[in-house]
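start_6.cif follows (mmCIF, N, CA and C atoms):
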data_coords
loop_
_atom_site.group_PDB
_atom_site.id
_atom_site.type_symbol
_atom_site.label_atom_id
_atom_site.label_comp_id
_atom_site.auth_asym_id
_atom_site.auth_seq_id
_atom_site.Cartn_x
_atom_site.Cartn_y
_atom_site.Cartn_z
ATOM 1 N N MET M 2 17.876 -1.819 -14.515
ATOM 2 C CA MET M 2 17.234 -0.827 -13.690
ATOM 3 C C MET M 2 16.715 -1.486 -12.415
ATOM 4 N N ALA M 3 17.075 -0.937 -11.284
ATOM 5 C CA ALA M 3 16.698 -1.529 -10.004
ATOM 6 C C ALA M 3 15.417 -0.884 -9.477
ATOM 7 N N GLY M 4 14.309 -1.306 -9.997
ATOM 8 C CA GLY M 4 13.010 -0.811 -9.564
ATOM 9 C C GLY M 4 11.940 -1.767 -10.024
ATOM 10 N N PRO M 5 10.730 -1.620 -9.538
ATOM 11 C CA PRO M 5 9.651 -2.517 -9.950
ATOM 12 C C PRO M 5 9.347 -2.367 -11.435
ATOM 13 N N LYS M 6 8.916 -3.460 -12.032
ATOM 14 C CA LYS M 6 8.666 -3.482 -13.479
ATOM 15 C C LYS M 6 7.184 -3.430 -13.836
ATOM 16 N N THR M 7 6.318 -3.800 -12.911
ATOM 17 C CA THR M 7 4.888 -3.828 -13.187
ATOM 18 C C THR M 7 4.153 -2.974 -12.144
ATOM 19 N N PRO M 8 2.924 -2.539 -12.472
ATOM 20 C CA PRO M 8 2.155 -1.786 -11.479
ATOM 21 C C PRO M 8 1.943 -2.556 -10.180
ATOM 22 N N GLU M 9 1.748 -3.860 -10.262
ATOM 23 C CA GLU M 9 1.555 -4.669 -9.054
ATOM 24 C C GLU M 9 2.805 -4.667 -8.185
ATOM 25 N N GLU M 10 3.969 -4.826 -8.828
ATOM 26 C CA GLU M 10 5.228 -4.774 -8.078
ATOM 27 C C GLU M 10 5.434 -3.383 -7.476
ATOM 28 N N ALA M 11 5.111 -2.345 -8.249
ATOM 29 C CA ALA M 11 5.284 -0.972 -7.761
ATOM 30 C C ALA M 11 4.383 -0.710 -6.557
ATOM 31 N N ARG M 12 3.144 -1.172 -6.614
ATOM 32 C CA ARG M 12 2.196 -0.989 -5.501
ATOM 33 C C ARG M 12 2.781 -1.587 -4.220
ATOM 34 N N THR M 13 3.266 -2.817 -4.301
ATOM 35 C CA THR M 13 3.836 -3.497 -3.131
ATOM 36 C C THR M 13 5.110 -2.805 -2.663
ATOM 37 N N TRP M 14 6.000 -2.514 -3.580
ATOM 38 C CA TRP M 14 7.297 -1.891 -3.287
ATOM 39 C C TRP M 14 7.100 -0.562 -2.553
ATOM 40 N N ILE M 15 6.245 0.305 -3.122
ATOM 41 C CA ILE M 15 6.043 1.638 -2.567
ATOM 42 C C ILE M 15 5.292 1.565 -1.242
ATOM 43 N N ARG M 16 4.340 0.669 -1.130
ATOM 44 C CA ARG M 16 3.620 0.479 0.141
ATOM 45 C C ARG M 16 4.606 0.060 1.240
ATOM 46 N N GLU M 17 5.490 -0.889 0.936
ATOM 47 C CA GLU M 17 6.480 -1.336 1.919
ATOM 48 C C GLU M 17 7.441 -0.215 2.300
ATOM 49 N N ALA M 18 7.900 0.542 1.307
ATOM 50 C CA ALA M 18 8.816 1.654 1.586
ATOM 51 C C ALA M 18 8.143 2.705 2.465
ATOM 52 N N ALA M 19 6.876 3.019 2.173
ATOM 53 C CA ALA M 19 6.146 4.006 2.976
ATOM 54 C C ALA M 19 5.936 3.508 4.401
ATOM 55 N N ALA M 20 5.563 2.234 4.550
ATOM 56 C CA ALA M 20 5.327 1.668 5.884
ATOM 57 C C ALA M 20 6.600 1.699 6.727
ATOM 58 N N ALA M 21 7.741 1.498 6.088
ATOM 59 C CA ALA M 21 9.030 1.503 6.795
ATOM 60 C C ALA M 21 9.630 2.912 6.892
ATOM 61 N N ARG M 22 8.893 3.909 6.387
ATOM 62 C CA ARG M 22 9.360 5.300 6.345
ATOM 63 C C ARG M 22 10.660 5.437 5.579
ATOM 64 N N ARG M 23 10.757 4.668 4.510
ATOM 65 C CA ARG M 23 11.950 4.693 3.653
ATOM 66 C C ARG M 23 11.633 5.487 2.394
ATOM 67 N N TYR M 24 11.307 6.759 2.610
ATOM 68 C CA TYR M 24 11.028 7.634 1.481
ATOM 69 C C TYR M 24 11.733 8.969 1.698
ATOM 70 N N VAL M 25 12.031 9.616 0.579
ATOM 71 C CA VAL M 25 12.656 10.931 0.584
ATOM 72 C C VAL M 25 11.689 11.874 -0.120
ATOM 73 N N ARG M 26 11.474 13.032 0.460
ATOM 74 C CA ARG M 26 10.591 14.033 -0.124
ATOM 75 C C ARG M 26 11.428 15.092 -0.838
ATOM 76 N N SER M 27 11.199 15.243 -2.136
ATOM 77 C CA SER M 27 11.939 16.256 -2.891
ATOM 78 C C SER M 27 11.440 17.651 -2.514
ATOM 79 N N VAL M 28 12.244 18.648 -2.807
ATOM 80 C CA VAL M 28 11.847 20.030 -2.572
ATOM 81 C C VAL M 28 10.592 20.340 -3.385
ATOM 82 N N HIS M 29 10.564 19.898 -4.631
ATOM 83 C CA HIS M 29 9.397 20.117 -5.489
ATOM 84 C C HIS M 29 8.148 19.494 -4.861
ATOM 85 N N PHE M 30 8.270 18.290 -4.349
ATOM 86 C CA PHE M 30 7.150 17.618 -3.693
ATOM 87 C C PHE M 30 6.633 18.458 -2.523
ATOM 88 N N LEU M 31 7.536 18.923 -1.667
ATOM 89 C CA LEU M 31 7.138 19.707 -0.490
ATOM 90 C C LEU M 31 6.467 21.020 -0.897
ATOM 91 N N GLU M 32 6.973 21.645 -1.955
ATOM 92 C CA GLU M 32 6.347 22.875 -2.450
ATOM 93 C C GLU M 32 4.930 22.612 -2.947
ATOM 94 N N ARG M 33 4.751 21.544 -3.726
ATOM 95 C CA ARG M 33 3.426 21.216 -4.269
ATOM 96 C C ARG M 33 2.466 20.765 -3.168
ATOM 97 N N LEU M 34 2.982 20.076 -2.176
ATOM 98 C CA LEU M 34 2.158 19.645 -1.043
ATOM 99 C C LEU M 34 1.525 20.865 -0.366
ATOM 100 N N ALA M 35 2.347 21.869 -0.073
ATOM 101 C CA ALA M 35 1.862 23.086 0.570
ATOM 102 C C ALA M 35 0.960 23.886 -0.370
ATOM 103 N N GLU M 36 1.380 24.029 -1.605
ATOM 104 C CA GLU M 36 0.633 24.814 -2.595
ATOM 105 C C GLU M 36 -0.765 24.246 -2.841
ATOM 106 N N ARG M 37 -0.869 22.932 -2.825
ATOM 107 C CA ARG M 37 -2.133 22.284 -3.163
ATOM 108 C C ARG M 37 -2.959 21.896 -1.946
ATOM 109 N N GLY M 38 -2.447 22.205 -0.753
ATOM 110 C CA GLY M 38 -3.225 22.036 0.464
ATOM 111 C C GLY M 38 -3.392 20.605 0.951
ATOM 112 N N PHE M 39 -2.481 19.727 0.567
ATOM 113 C CA PHE M 39 -2.513 18.369 1.085
ATOM 114 C C PHE M 39 -1.586 18.280 2.291
ATOM 115 N N ILE M 40 -1.732 17.207 3.072
ATOM 116 C CA ILE M 40 -0.825 16.935 4.184
ATOM 117 C C ILE M 40 -0.203 15.559 3.949
ATOM 118 N N MET M 41 0.874 15.279 4.661
ATOM 119 C CA MET M 41 1.569 13.995 4.474
ATOM 120 C C MET M 41 0.656 12.807 4.740
ATOM 121 N N LEU M 42 -0.283 12.949 5.657
ATOM 122 C CA LEU M 42 -1.208 11.855 5.937
ATOM 123 C C LEU M 42 -2.018 11.481 4.689
ATOM 124 N N ASP M 43 -2.399 12.477 3.883
ATOM 125 C CA ASP M 43 -3.103 12.204 2.624
ATOM 126 C C ASP M 43 -2.211 11.426 1.661
ATOM 127 N N VAL M 44 -0.960 11.827 1.589
ATOM 128 C CA VAL M 44 -0.002 11.160 0.697
ATOM 129 C C VAL M 44 0.240 9.724 1.160
ATOM 130 N N ILE M 45 0.497 9.528 2.431
ATOM 131 C CA ILE M 45 0.744 8.182 2.971
ATOM 132 C C ILE M 45 -0.479 7.297 2.744
ATOM 133 N N HIS M 46 -1.661 7.858 2.945
ATOM 134 C CA HIS M 46 -2.901 7.110 2.695
ATOM 135 C C HIS M 46 -2.946 6.630 1.241
ATOM 136 N N THR M 47 -2.587 7.506 0.305
ATOM 137 C CA THR M 47 -2.568 7.146 -1.112
ATOM 138 C C THR M 47 -1.489 6.109 -1.408
ATOM 139 N N LEU M 48 -0.326 6.241 -0.797
ATOM 140 C CA LEU M 48 0.752 5.268 -1.032
ATOM 141 C C LEU M 48 0.380 3.887 -0.499
ATOM 142 N N HIS M 49 -0.366 3.833 0.584
ATOM 143 C CA HIS M 49 -0.777 2.555 1.165
ATOM 144 C C HIS M 49 -1.963 1.932 0.437
ATOM 145 N N SER M 50 -2.869 2.772 -0.061
ATOM 146 C CA SER M 50 -4.109 2.260 -0.666
ATOM 147 C C SER M 50 -4.443 2.994 -1.959
ATOM 148 N N PRO M 51 -3.578 2.894 -2.967
ATOM 149 C CA PRO M 51 -3.876 3.608 -4.213
ATOM 150 C C PRO M 51 -5.039 2.972 -4.968
ATOM 151 N N SER M 52 -5.820 3.815 -5.635
ATOM 152 C CA SER M 52 -6.891 3.295 -6.493
ATOM 153 C C SER M 52 -6.344 2.916 -7.858
ATOM 154 N N ALA M 53 -5.192 3.488 -8.228
ATOM 155 C CA ALA M 53 -4.548 3.172 -9.505
ATOM 156 C C ALA M 53 -3.045 3.375 -9.372
ATOM 157 N N VAL M 54 -2.291 2.539 -10.082
ATOM 158 C CA VAL M 54 -0.834 2.660 -10.151
ATOM 159 C C VAL M 54 -0.465 2.558 -11.633
ATOM 160 N N ARG M 55 0.188 3.614 -12.131
ATOM 161 C CA ARG M 55 0.528 3.662 -13.555
ATOM 162 C C ARG M 55 2.001 4.031 -13.726
ATOM 163 N N PRO M 56 2.625 3.517 -14.767
ATOM 164 C CA PRO M 56 3.996 3.966 -15.059
ATOM 165 C C PRO M 56 3.989 5.459 -15.368
ATOM 166 N N HIS M 57 5.058 6.126 -15.022
ATOM 167 C CA HIS M 57 5.195 7.549 -15.312
ATOM 168 C C HIS M 57 6.414 7.735 -16.211
ATOM 169 N N PRO M 58 6.323 8.580 -17.238
ATOM 170 C CA PRO M 58 7.411 8.681 -18.212
ATOM 171 C C PRO M 58 8.634 9.473 -17.769
ATOM 172 N N ASP M 59 8.587 10.138 -16.602
ATOM 173 C CA ASP M 59 9.766 10.900 -16.176
ATOM 174 C C ASP M 59 10.978 9.988 -16.055
ATOM 175 N N PRO M 60 12.151 10.495 -16.408
ATOM 176 C CA PRO M 60 13.361 9.679 -16.249
ATOM 177 C C PRO M 60 13.706 9.535 -14.768
ATOM 178 N N PRO M 61 14.111 8.348 -14.345
ATOM 179 C CA PRO M 61 14.491 8.149 -12.946
ATOM 180 C C PRO M 61 15.790 8.880 -12.618
ATOM 181 N N ARG M 62 15.899 9.322 -11.371
ATOM 182 C CA ARG M 62 17.104 10.017 -10.895
ATOM 183 C C ARG M 62 17.975 9.134 -10.020
ATOM 184 N N HIS M 63 17.389 8.011 -9.539
ATOM 185 C CA HIS M 63 18.098 7.154 -8.592
ATOM 186 C C HIS M 63 18.249 5.725 -9.105
ATOM 187 N N GLY M 64 18.080 5.535 -10.408
ATOM 188 C CA GLY M 64 18.253 4.206 -10.980
ATOM 189 C C GLY M 64 17.056 3.289 -10.824
ATOM 190 N N GLY M 65 15.906 3.833 -10.448
ATOM 191 C CA GLY M 65 14.701 3.026 -10.255
ATOM 192 C C GLY M 65 13.728 3.167 -11.410
ATOM 193 N N THR M 66 12.443 3.089 -11.101
ATOM 194 C CA THR M 66 11.388 3.275 -12.083
ATOM 195 C C THR M 66 10.360 4.257 -11.520
ATOM 196 N N CYS M 67 9.725 5.028 -12.410
ATOM 197 C CA CYS M 67 8.812 6.087 -11.989
ATOM 198 C C CYS M 67 7.357 5.662 -12.148
ATOM 199 N N TRP M 68 6.541 6.096 -11.164
ATOM 200 C CA TRP M 68 5.141 5.685 -11.080
ATOM 201 C C TRP M 68 4.263 6.843 -10.649
ATOM 202 N N ARG M 69 2.992 6.743 -11.013
ATOM 203 C CA ARG M 69 1.969 7.685 -10.548
ATOM 204 C C ARG M 69 0.923 6.878 -9.797
ATOM 205 N N LEU M 70 0.766 7.189 -8.518
ATOM 206 C CA LEU M 70 -0.228 6.515 -7.681
ATOM 207 C C LEU M 70 -1.376 7.477 -7.431
ATOM 208 N N GLU M 71 -2.591 7.012 -7.676
ATOM 209 C CA GLU M 71 -3.771 7.845 -7.492
ATOM 210 C C GLU M 71 -4.572 7.351 -6.300
ATOM 211 N N GLY M 72 -5.211 8.296 -5.615
ATOM 212 C CA GLY M 72 -6.019 7.945 -4.461
ATOM 213 C C GLY M 72 -6.846 9.127 -4.013
ATOM 214 N N ARG M 73 -7.243 9.091 -2.742
ATOM 215 C CA ARG M 73 -8.054 10.155 -2.154
ATOM 216 C C ARG M 73 -7.424 10.621 -0.850
ATOM 217 N N GLU M 74 -7.790 11.841 -0.462
ATOM 218 C CA GLU M 74 -7.404 12.335 0.861
ATOM 219 C C GLU M 74 -7.952 11.376 1.917
ATOM 220 N N VAL M 75 -7.431 11.463 3.103
ATOM 221 C CA VAL M 75 -7.897 10.613 4.198
ATOM 222 C C VAL M 75 -9.405 10.758 4.401
ATOM 223 N N ASP M 76 -9.924 11.983 4.301
ATOM 224 C CA ASP M 76 -11.363 12.185 4.501
ATOM 225 C C ASP M 76 -12.188 11.878 3.247
ATOM 226 N N GLY M 77 -11.528 11.508 2.156
ATOM 227 C CA GLY M 77 -12.220 11.103 0.939
ATOM 228 C C GLY M 77 -12.703 12.235 0.058
ATOM 229 N N THR M 78 -12.421 13.487 0.423
ATOM 230 C CA THR M 78 -12.952 14.633 -0.303
ATOM 231 C C THR M 78 -12.331 14.807 -1.687
ATOM 232 N N ARG M 79 -11.015 15.002 -1.747
ATOM 233 C CA ARG M 79 -10.351 15.279 -3.025
ATOM 234 C C ARG M 79 -9.558 14.077 -3.516
ATOM 235 N N ARG M 80 -9.420 13.997 -4.834
ATOM 236 C CA ARG M 80 -8.573 12.985 -5.455
ATOM 237 C C ARG M 80 -7.185 13.578 -5.660
ATOM 238 N N LEU M 81 -6.152 12.746 -5.473
ATOM 239 C CA LEU M 81 -4.790 13.200 -5.680
ATOM 240 C C LEU M 81 -3.970 12.127 -6.367
ATOM 241 N N ALA M 82 -2.862 12.565 -6.929
ATOM 242 C CA ALA M 82 -1.888 11.651 -7.515
ATOM 243 C C ALA M 82 -0.528 12.006 -6.932
ATOM 244 N N VAL M 83 0.286 10.986 -6.707
ATOM 245 C CA VAL M 83 1.632 11.174 -6.176
ATOM 246 C C VAL M 83 2.615 10.592 -7.178
ATOM 247 N N GLY M 84 3.562 11.413 -7.624
ATOM 248 C CA GLY M 84 4.634 10.953 -8.497
ATOM 249 C C GLY M 84 5.748 10.387 -7.637
ATOM 250 N N VAL M 85 6.141 9.139 -7.913
ATOM 251 C CA VAL M 85 7.103 8.427 -7.065
ATOM 252 C C VAL M 85 8.115 7.692 -7.932
ATOM 253 N N GLU M 86 9.378 7.738 -7.525
ATOM 254 C CA GLU M 86 10.380 6.843 -8.104
ATOM 255 C C GLU M 86 10.668 5.759 -7.073
ATOM 256 N N ALA M 87 10.486 4.511 -7.474
ATOM 257 C CA ALA M 87 10.803 3.371 -6.607
ATOM 258 C C ALA M 87 12.196 2.879 -7.002
ATOM 259 N N TYR M 88 13.074 2.758 -6.021
ATOM 260 C CA TYR M 88 14.465 2.400 -6.313
ATOM 261 C C TYR M 88 15.073 1.618 -5.153
ATOM 262 N N LEU M 89 16.246 1.078 -5.389
ATOM 263 C CA LEU M 89 17.005 0.393 -4.346
ATOM 264 C C LEU M 89 18.130 1.298 -3.872
ATOM 265 N N ASP M 90 18.317 1.359 -2.552
ATOM 266 C CA ASP M 90 19.501 2.012 -2.016
ATOM 267 C C ASP M 90 20.250 0.988 -1.172
ATOM 268 N N ASP M 91 21.242 1.416 -0.428
ATOM 269 C CA ASP M 91 22.056 0.476 0.345
ATOM 270 C C ASP M 91 21.256 -0.324 1.363
ATOM 271 N N ALA M 92 20.154 0.239 1.848
ATOM 272 C CA ALA M 92 19.345 -0.444 2.864
ATOM 273 C C ALA M 92 18.169 -1.229 2.276
ATOM 274 N N GLY M 93 17.939 -1.117 0.971
ATOM 275 C CA GLY M 93 16.853 -1.878 0.348
ATOM 276 C C GLY M 93 15.899 -1.008 -0.438
ATOM 277 N N ARG M 94 14.631 -1.401 -0.447
ATOM 278 C CA ARG M 94 13.605 -0.704 -1.222
ATOM 279 C C ARG M 94 13.321 0.678 -0.635
ATOM 280 N N ALA M 95 13.256 1.661 -1.525
ATOM 281 C CA ALA M 95 13.008 3.035 -1.102
ATOM 282 C C ALA M 95 12.115 3.727 -2.128
ATOM 283 N N ALA M 96 11.610 4.895 -1.749
ATOM 284 C CA ALA M 96 10.757 5.683 -2.634
ATOM 285 C C ALA M 96 11.173 7.146 -2.570
ATOM 286 N N PHE M 97 11.224 7.770 -3.718
ATOM 287 C CA PHE M 97 11.530 9.197 -3.836
ATOM 288 C C PHE M 97 10.235 9.884 -4.259
ATOM 289 N N LEU M 98 9.695 10.738 -3.407
ATOM 290 C CA LEU M 98 8.433 11.417 -3.690
ATOM 291 C C LEU M 98 8.730 12.659 -4.515
ATOM 292 N N CYS M 99 8.248 12.659 -5.749
ATOM 293 C CA CYS M 99 8.589 13.714 -6.716
ATOM 294 C C CYS M 99 7.601 14.872 -6.733
ATOM 295 N N THR M 100 6.298 14.557 -6.712
ATOM 296 C CA THR M 100 5.283 15.599 -6.783
ATOM 297 C C THR M 100 3.956 15.082 -6.260
ATOM 298 N N VAL M 101 3.031 16.003 -6.035
ATOM 299 C CA VAL M 101 1.658 15.658 -5.671
ATOM 300 C C VAL M 101 0.745 16.554 -6.512
ATOM 301 N N ILE M 102 -0.313 15.956 -7.036
ATOM 302 C CA ILE M 102 -1.223 16.644 -7.957
ATOM 303 C C ILE M 102 -2.641 16.552 -7.407
ATOM 304 N N ASP M 103 -3.372 17.655 -7.468
ATOM 305 C CA ASP M 103 -4.778 17.680 -7.081
ATOM 306 C C ASP M 103 -5.601 17.311 -8.307
ATOM 307 N N LEU M 104 -6.043 16.065 -8.404
ATOM 308 C CA LEU M 104 -6.801 15.595 -9.552
ATOM 309 C C LEU M 104 -8.215 16.175 -9.580
ATOM 310 N N THR M 105 -8.748 16.522 -8.439
ATOM 311 C CA THR M 105 -10.093 17.086 -8.367
ATOM 312 C C THR M 105 -10.127 18.446 -9.067
ATOM 313 N N ARG M 106 -9.133 19.269 -8.832
ATOM 314 C CA ARG M 106 -9.071 20.598 -9.473
ATOM 315 C C ARG M 106 -8.813 20.495 -10.965
ATOM 316 N N ARG M 107 -8.075 19.481 -11.384
ATOM 317 C CA ARG M 107 -7.720 19.352 -12.800
ATOM 318 C C ARG M 107 -8.911 18.993 -13.673
ATOM 319 N N ILE M 108 -9.942 18.386 -13.097
ATOM 320 C CA ILE M 108 -11.080 17.964 -13.909
ATOM 321 C C ILE M 108 -12.192 18.998 -13.944
ATOM 322 N N ARG M 109 -12.068 20.061 -13.208
ATOM 323 C CA ARG M 109 -13.093 21.117 -13.205
ATOM 324 C C ARG M 109 -12.973 21.988 -14.423
#
Starting from the coordinates I provided, produce the structure as structure tokens.
Amino acid sequence: MAGPKTPEEARTWIREAAAARRYVRSVHFLERLAERGFIMLDVIHTLHSPSAVRPHPDPPRHGGTCWRLEGREVDGTRRLAVGVEAYLDDAGRAAFLCTVIDLTRRIR
């Protein structure tokens, strides 16, 4: 499997992919982004500075490994999680953004 194996590797891999704008946003991700009132800046902030990185059990679609990165909106108000598959493509490390979850609403 061509993807990071540990949370530390995933954190670095996904941060690098986001910084290089080497990510693909799924239709599901875009729907949840709008539905839950987040903006891409919140997601990028979480990808660059996650408070937690955990393996995610979803099966990979691109031959990589799946992760859940948790963080906060840019203004620090709400907590969110981003479902990401980290994988290799022809140009190198990439990230497939699967979903975004409002963790603040889930704990109420």
Here's the selection I'm unsure about, the PyMOL selection byres ((chain M and resi 70-73) around 8); applied to the file above, which residues does it give, as a list in words?
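Evaluating the PyMOL selection byres ((chain M and resi 70-73) around 8) on this file yields Leu42, Asp43, Val44, His46, Thr47, Leu48, Ser50, Pro51, Ser52, Ala53, Val54, Arg55, Pro56, His57, Cys67, Trp68, Arg69, Glu74, Val75, Asp76, Gly77, Thr78, Arg79, Arg80, Leu81, Ala82, Val83, Gly84 and Val85 of chain M.
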Measure the distance from CA of Leu89 (chain M) to CA of Asp59 (chain M) in Å and round it to one decimal.
17.4 Å
Using the chain letters and numbers from this file, what does the PyMOL selection byres (((chain M and resi 19 and name CA) around 9) and name CA) select? Give the answer as a tab-separated table (two decimals) with N, CA and C atoms, in the frame of the given file.
chain	number	residue	atom	x	y	z
M	14	TRP	N	6.00	-2.51	-3.58
M	14	TRP	CA	7.30	-1.89	-3.29
M	14	TRP	C	7.10	-0.56	-2.55
M	15	ILE	N	6.24	0.30	-3.12
M	15	ILE	CA	6.04	1.64	-2.57
M	15	ILE	C	5.29	1.56	-1.24
M	16	ARG	N	4.34	0.67	-1.13
M	16	ARG	CA	3.62	0.48	0.14
M	16	ARG	C	4.61	0.06	1.24
M	17	GLU	N	5.49	-0.89	0.94
M	17	GLU	CA	6.48	-1.34	1.92
M	17	GLU	C	7.44	-0.22	2.30
M	18	ALA	N	7.90	0.54	1.31
M	18	ALA	CA	8.82	1.65	1.59
M	18	ALA	C	8.14	2.70	2.46
M	20	ALA	N	5.56	2.23	4.55
M	20	ALA	CA	5.33	1.67	5.88
M	20	ALA	C	6.60	1.70	6.73
M	21	ALA	N	7.74	1.50	6.09
M	21	ALA	CA	9.03	1.50	6.80
M	21	ALA	C	9.63	2.91	6.89
M	22	ARG	N	8.89	3.91	6.39
M	22	ARG	CA	9.36	5.30	6.34
M	22	ARG	C	10.66	5.44	5.58
M	23	ARG	N	10.76	4.67	4.51
M	23	ARG	CA	11.95	4.69	3.65
M	23	ARG	C	11.63	5.49	2.39
M	24	TYR	N	11.31	6.76	2.61
M	24	TYR	CA	11.03	7.63	1.48
M	24	TYR	C	11.73	8.97	1.70
M	45	ILE	N	0.50	9.53	2.43
M	45	ILE	CA	0.74	8.18	2.97
M	45	ILE	C	-0.48	7.30	2.74
M	48	LEU	N	-0.33	6.24	-0.80
M	48	LEU	CA	0.75	5.27	-1.03
M	48	LEU	C	0.38	3.89	-0.50
M	49	HIS	N	-0.37	3.83	0.58
M	49	HIS	CA	-0.78	2.56	1.16
M	49	HIS	C	-1.96	1.93	0.44
M	95	ALA	N	13.26	1.66	-1.52
M	95	ALA	CA	13.01	3.04	-1.10
M	95	ALA	C	12.12	3.73	-2.13
M	96	ALA	N	11.61	4.89	-1.75
M	96	ALA	CA	10.76	5.68	-2.63
M	96	ALA	C	11.17	7.15	-2.57
For Cys99 (chain M), which of M:Glu86, M:Ala3, M:Pro60, M:Phe39 is the closest residue, counting only N, CA and C atoms?
M:Glu86
Å distance separating atom N of Gly38 (chain M) from CA of Arg26 (chain M), one decimal place
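According to the coordinates, atom N of Gly38 (chain M) and CA of Arg26 (chain M) are separated by 15.4 Å.
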To test the calculation: enclose all listed atoms of region 24-38 of chain M in a box whose edges run along x, y and z, add 5 Å on each side, then state centre and edge lengths in Å to one decimal, as lines of an AutoDock Vina configuration file.
center_x = 4.6
center_y = 15.8
center_z = -1.4
size_x = 26.0
size_y = 28.1
size_z = 18.1
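The space between atom C of Gly65 (chain M) and atom C of Tyr88 (chain M) spans 6.6 Å.
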Report the residues of chain M whose backbone DSSP state falls under strand (DSSP E or B), written as a PyMOL selection string.
chain M and resi 24-26+53-56+66-73+80-90+93-103
Taking only C-alpha atoms into account, name the residue in M:Met41, M:Val25, M:Thr66, M:Leu31 that is nearest to Phe97 (chain M).
M:Val25
Taking the chain letters and numbering used in this document, name the residues of chain M that DSSP puts in helix (DSSP H, G or I), as a ChimeraX atom specification.
/M:8-20,28-36,41-49,104-107
